[in-house]
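K.L.:
Questions regarding the structure given below will be posed in turn.
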Amino acid sequence: MAQDSTEMGVRRFGAWNTTGLFTLAERECRRFMAIWSQTIMGPLINAGLLLAVFAIAIGPARGDIMGVSYVEFIAPGILMMTVIQNSFANTSSSLLAAKVQGNIVDTLMPPLSPAELLLGYLAGGIARGALVAVVIGAVMVTVLGTGMAHPLFFLAFVLLGGLMMGALGILAGIVANKFDQMSAITNFIITPLSFLSGTFYSIEALPSALTTAAHFDPFFYLIDGARYGTLGVSDASPWLGLAVVAGVTAALCALALYWFSKGYRLKS
């Protein structure tokens, strides 16, 4: 007997549930925009304070680095560090809050495939990171006069950075079961790596062993790539940076997709 097309449980959206995907993406964007003073303005103020403190405390006494002033050198690093932290925070907090509050079922019950769930969550992380990057980049151009040496590279690294950290945030949100665990991941992994990946210095100033180790850190390539996009100077080849970041991003997204498909730590 032919299967009734109206039978419950039958997917009737074709290959993609476009409406559901866009609804989830819109929810993730509305979520951080509803508290913009915390999710957007707060990080922007922090980035401005960091730049001001280093400019006052170190800038006048520090010589040029790679042919640019110290303040210009650290500005792209602070920008990318802010993108990294915000993209990670958006996806990780969204998933963890849903798990803690017990309403994760509202996301798992609708007819959304694992790929659609992944893309919907990633959209929020990328949008938040890109919005922060646009605002800080505008301040850099107007106040510091840095300009954009390679805007396409800058755009590529910002988007890849948001994508990579959004995927990492999804994995962290799935693994963590309470906010204390997420705080530990942020404080002991994300923040140290973003600070110690060439944000405030060239890795050539490090001992040779640490310089070699830095080249295995994908955070370094994000920060170095943003610096190349804005100033035209970098510690590593931007093409190598794109390849490394793209590879790490693909691996993180593949793992997140697998965990969504299995309901790992999401379904009771």
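If you're wondering about the labels, chains in the structure tokens are A, B, ... by order shown, residues count from 1 in each chain, ligands from 1 in order shown.
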Can you tell me which residues surround region 198-215 of chain A at a distance of at most 6 Å, considering only C-alpha atoms, apart from same-chain residues fewer than 2 positions away, and format the answer as a PyMOL selection string?

P.N.:
chain A and resi 74+77+195-196+217

K.L.:
Could you give me the residues within region 79-250 of chain A that DSSP places in alpha helix (DSSP H), as a PyMOL selection string?

P.N.:
chain A and resi 79-101+105-108+114-139+151-175+179-185+191-195+208-214+218-231+238-250

K.L.:
Need to verify the contact set: Phe153 (chain A), 10 Å, only C-alpha atoms, exclusion of same-chain residues closer than 4 positions in sequence. Can you return it as number ranges by chain?

P.N.:
A: 148-149, 157-159, 225-230, 232, 238-239, 242

K.L.:
Create the file for the chosen residues now, containing all heavy atoms and written as an mmCIF file, in the first residue's frame.

P.N.:
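For reference, selection-v9.cif as written:
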data_model
loop_
_atom_site.group_PDB
_atom_site.id
_atom_site.type_symbol
_atom_site.label_atom_id
_atom_site.label_comp_id
_atom_site.auth_asym_id
_atom_site.auth_seq_id
_atom_site.Cartn_x
_atom_site.Cartn_y
_atom_site.Cartn_z
ATOM 1 N N MET A 148 42.311 49.973 4.873
ATOM 2 C CA MET A 148 42.170 48.544 4.615
ATOM 3 C C MET A 148 43.090 48.177 3.456
ATOM 4 O O MET A 148 42.797 48.451 2.296
ATOM 5 C CB MET A 148 40.720 48.180 4.272
ATOM 6 C CG MET A 148 39.792 48.178 5.460
ATOM 7 S SD MET A 148 40.084 46.750 6.523
ATOM 8 C CE MET A 148 39.156 47.244 7.979
ATOM 9 N N ALA A 149 44.226 47.557 3.780
ATOM 10 C CA ALA A 149 45.194 47.211 2.748
ATOM 11 C C ALA A 149 44.670 46.119 1.827
ATOM 12 O O ALA A 149 44.859 46.174 0.606
ATOM 13 C CB ALA A 149 46.509 46.771 3.394
ATOM 14 N N PHE A 157 38.812 36.538 6.713
ATOM 15 C CA PHE A 157 39.241 36.101 8.042
ATOM 16 C C PHE A 157 38.179 36.398 9.094
ATOM 17 O O PHE A 157 37.996 35.625 10.031
ATOM 18 C CB PHE A 157 40.566 36.753 8.413
ATOM 19 C CG PHE A 157 41.758 36.040 7.856
ATOM 20 C CD1 PHE A 157 42.456 36.547 6.763
ATOM 21 C CD2 PHE A 157 42.188 34.842 8.407
ATOM 22 C CE1 PHE A 157 43.553 35.878 6.242
ATOM 23 C CE2 PHE A 157 43.292 34.159 7.889
ATOM 24 C CZ PHE A 157 43.969 34.684 6.799
ATOM 25 N N VAL A 158 37.468 37.507 8.960
ATOM 26 C CA VAL A 158 36.394 37.812 9.915
ATOM 27 C C VAL A 158 35.280 36.774 9.818
ATOM 28 O O VAL A 158 34.802 36.250 10.828
ATOM 29 C CB VAL A 158 35.846 39.230 9.675
ATOM 30 C CG1 VAL A 158 34.529 39.433 10.435
ATOM 31 C CG2 VAL A 158 36.857 40.273 10.127
ATOM 32 N N LEU A 159 34.866 36.454 8.589
ATOM 33 C CA LEU A 159 33.789 35.485 8.408
ATOM 34 C C LEU A 159 34.225 34.078 8.820
ATOM 35 O O LEU A 159 33.473 33.346 9.486
ATOM 36 C CB LEU A 159 33.314 35.487 6.955
ATOM 37 C CG LEU A 159 32.632 36.773 6.483
ATOM 38 C CD1 LEU A 159 32.221 36.652 5.019
ATOM 39 C CD2 LEU A 159 31.416 37.099 7.344
ATOM 40 N N GLY A 225 45.854 37.169 10.164
ATOM 41 C CA GLY A 225 45.145 37.445 8.919
ATOM 42 C C GLY A 225 44.403 38.766 8.951
ATOM 43 O O GLY A 225 44.378 39.506 7.955
ATOM 44 N N ALA A 226 43.788 39.085 10.098
ATOM 45 C CA ALA A 226 43.114 40.376 10.231
ATOM 46 C C ALA A 226 44.117 41.514 10.132
ATOM 47 O O ALA A 226 43.840 42.567 9.539
ATOM 48 C CB ALA A 226 42.373 40.439 11.564
ATOM 49 N N ARG A 227 45.309 41.314 10.689
ATOM 50 C CA ARG A 227 46.357 42.344 10.622
ATOM 51 C C ARG A 227 46.828 42.532 9.170
ATOM 52 O O ARG A 227 47.061 43.660 8.729
ATOM 53 C CB ARG A 227 47.521 41.937 11.529
ATOM 54 C CG ARG A 227 48.634 42.972 11.623
ATOM 55 C CD ARG A 227 49.596 42.612 12.726
ATOM 56 N NE ARG A 227 48.981 42.791 14.032
ATOM 57 C CZ ARG A 227 48.961 41.867 14.995
ATOM 58 N NH1 ARG A 227 49.519 40.676 14.788
ATOM 59 N NH2 ARG A 227 48.390 42.127 16.152
ATOM 60 N N TYR A 228 46.938 41.429 8.444
ATOM 61 C CA TYR A 228 47.326 41.545 7.039
ATOM 62 C C TYR A 228 46.244 42.265 6.236
ATOM 63 O O TYR A 228 46.546 43.088 5.362
ATOM 64 C CB TYR A 228 47.574 40.161 6.450
ATOM 65 C CG TYR A 228 47.950 40.187 4.992
ATOM 66 C CD1 TYR A 228 49.246 40.521 4.598
ATOM 67 C CD2 TYR A 228 47.009 39.884 4.002
ATOM 68 C CE1 TYR A 228 49.599 40.560 3.253
ATOM 69 C CE2 TYR A 228 47.361 39.922 2.661
ATOM 70 C CZ TYR A 228 48.644 40.264 2.290
ATOM 71 O OH TYR A 228 48.982 40.315 0.955
ATOM 72 N N GLY A 229 44.991 41.967 6.526
ATOM 73 C CA GLY A 229 43.904 42.599 5.793
ATOM 74 C C GLY A 229 43.830 44.097 5.998
ATOM 75 O O GLY A 229 43.472 44.837 5.076
ATOM 76 N N THR A 230 44.166 44.557 7.208
ATOM 77 C CA THR A 230 44.066 45.991 7.497
ATOM 78 C C THR A 230 45.368 46.735 7.226
ATOM 79 O O THR A 230 45.353 47.829 6.661
ATOM 80 C CB THR A 230 43.659 46.212 8.959
ATOM 81 O OG1 THR A 230 44.567 45.506 9.823
ATOM 82 C CG2 THR A 230 42.248 45.702 9.214
ATOM 83 N N GLY A 232 48.435 45.186 5.920
ATOM 84 C CA GLY A 232 49.282 44.655 4.860
ATOM 85 C C GLY A 232 50.554 44.006 5.367
ATOM 86 O O GLY A 232 51.458 43.723 4.569
ATOM 87 N N PRO A 238 49.255 34.849 4.460
ATOM 88 C CA PRO A 238 47.798 34.878 4.625
ATOM 89 C C PRO A 238 47.114 33.691 3.948
ATOM 90 O O PRO A 238 46.067 33.230 4.406
ATOM 91 C CB PRO A 238 47.391 36.207 3.986
ATOM 92 C CG PRO A 238 48.511 36.548 3.052
ATOM 93 C CD PRO A 238 49.749 36.011 3.698
ATOM 94 N N TRP A 239 47.698 33.185 2.882
ATOM 95 C CA TRP A 239 47.127 32.016 2.210
ATOM 96 C C TRP A 239 47.242 30.782 3.090
ATOM 97 O O TRP A 239 46.308 29.974 3.169
ATOM 98 C CB TRP A 239 47.811 31.783 0.868
ATOM 99 C CG TRP A 239 47.538 32.856 -0.138
ATOM 100 C CD1 TRP A 239 48.379 33.833 -0.571
ATOM 101 C CD2 TRP A 239 46.296 33.080 -0.832
ATOM 102 N NE1 TRP A 239 47.761 34.642 -1.486
ATOM 103 C CE2 TRP A 239 46.478 34.202 -1.670
ATOM 104 C CE3 TRP A 239 45.055 32.431 -0.812
ATOM 105 C CZ2 TRP A 239 45.466 34.696 -2.483
ATOM 106 C CZ3 TRP A 239 44.044 32.924 -1.638
ATOM 107 C CH2 TRP A 239 44.258 34.038 -2.455
ATOM 108 N N LEU A 242 44.573 31.168 5.758
ATOM 109 C CA LEU A 242 43.247 30.800 5.265
ATOM 110 C C LEU A 242 43.090 29.287 5.206
ATOM 111 O O LEU A 242 42.038 28.744 5.571
ATOM 112 C CB LEU A 242 43.011 31.403 3.882
ATOM 113 C CG LEU A 242 42.681 32.899 3.814
ATOM 114 C CD1 LEU A 242 42.575 33.346 2.361
ATOM 115 C CD2 LEU A 242 41.386 33.207 4.560
#

K.L.:
Need to verify the contact set: region 169-186 of chain A, 12 Å, only C-alpha atoms, exclusion of same-chain residues closer than 3 positions in sequence. Can you return it as a ChimeraX atom specification?

P.N.:
/A:84-102,104,117-126,161-166,189-194,249,251-260,262-267

K.L.:
Go ahead and write the residues just picked, C-alpha atoms, as a compact mmCIF listing (two decimals), in the first residue's frame.

P.N.:
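Listed below is the output, again.txt:
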# COMPACT_ATOMS: atom_id res chain seq x y z
CA ILE A 84 36.59 35.40 18.50
CA GLN A 85 35.11 35.91 21.95
CA ASN A 86 31.71 37.13 20.73
CA SER A 87 31.12 34.46 18.11
CA PHE A 88 32.02 31.78 20.63
CA ALA A 89 29.83 33.32 23.33
CA ASN A 90 26.78 33.56 21.08
CA THR A 91 26.47 29.91 20.10
CA SER A 92 27.75 28.44 23.37
CA SER A 93 25.45 30.51 25.58
CA SER A 94 22.43 29.87 23.35
CA LEU A 95 22.78 26.10 23.54
CA LEU A 96 23.76 25.98 27.19
CA ALA A 97 20.93 28.27 28.30
CA ALA A 98 18.42 26.10 26.43
CA LYS A 99 19.80 22.98 28.13
CA VAL A 100 19.84 24.51 31.61
CA GLN A 101 16.35 25.99 31.26
CA GLY A 102 15.01 22.73 29.84
CA ILE A 104 16.20 22.65 24.25
CA LEU A 117 20.36 23.22 13.17
CA LEU A 118 24.08 23.73 12.65
CA LEU A 119 23.62 26.48 10.06
CA GLY A 120 20.94 28.22 12.11
CA TYR A 121 23.14 28.45 15.20
CA LEU A 122 26.21 29.41 13.17
CA ALA A 123 24.31 32.28 11.56
CA GLY A 124 23.91 33.97 14.93
CA GLY A 125 27.59 33.56 15.81
CA ILE A 126 28.77 34.89 12.46
CA GLY A 161 36.74 33.48 12.40
CA GLY A 162 33.06 33.84 13.20
CA LEU A 163 32.34 30.48 11.60
CA MET A 164 35.18 28.67 13.38
CA MET A 165 34.40 30.11 16.79
CA GLY A 166 30.67 29.63 16.29
CA ILE A 189 40.96 28.13 26.94
CA ILE A 190 39.31 30.81 24.78
CA THR A 191 40.53 33.96 26.54
CA PRO A 192 44.18 32.85 27.03
CA LEU A 193 44.48 31.62 23.45
CA SER A 194 43.02 34.85 22.05
CA THR A 249 36.61 25.14 10.75
CA ALA A 251 36.68 19.73 11.22
CA LEU A 252 34.77 21.56 13.97
CA CYS A 253 31.64 21.85 11.82
CA ALA A 254 31.82 18.16 10.91
CA LEU A 255 32.02 17.17 14.59
CA ALA A 256 29.16 19.52 15.52
CA LEU A 257 27.05 18.08 12.68
CA TYR A 258 27.77 14.54 13.90
CA TRP A 259 26.81 15.39 17.48
CA PHE A 260 23.58 17.04 16.31
CA LYS A 262 23.27 11.69 17.26
CA GLY A 263 21.67 14.04 19.79
CA TYR A 264 24.84 13.77 21.86
CA ARG A 265 24.27 15.29 25.32
CA LEU A 266 21.13 16.94 23.97
CA LYS A 267 18.54 14.18 24.11

K.L.:
Of the candidates A:Leu240, A:Ala52, A:Leu24, A:Val233, which shows the shortest atom-to-atom distance to Pro218 (chain A), using only C-alpha atoms?

P.N.:
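Distance minimum relative to Pro218 (chain A) lands on A:Leu240.
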
K.L.:
So, with only C-alpha atoms as the atoms that count, which of A:Val132, A:Leu108, A:Met66, A:Ala34 lies closest to Gly48 (chain A)?

P.N.:
A:Val132

K.L.:
Would you compute the distance between CA of Arg128 (chain A) and CA of Thr146 (chain A)? Give it in Å to one decimal.

P.N.:
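CA of Thr146 (chain A) lies at a distance of 23.0 Å from CA of Arg128 (chain A).
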
K.L.:
Taking only C-alpha atoms into account, which of A:Ile223, A:Val105, A:Val141, A:Ile35 comes nearest Ile78 (chain A)?

P.N.:
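Of the candidates, the smallest distance to Ile78 (chain A) is held by A:Ile223.
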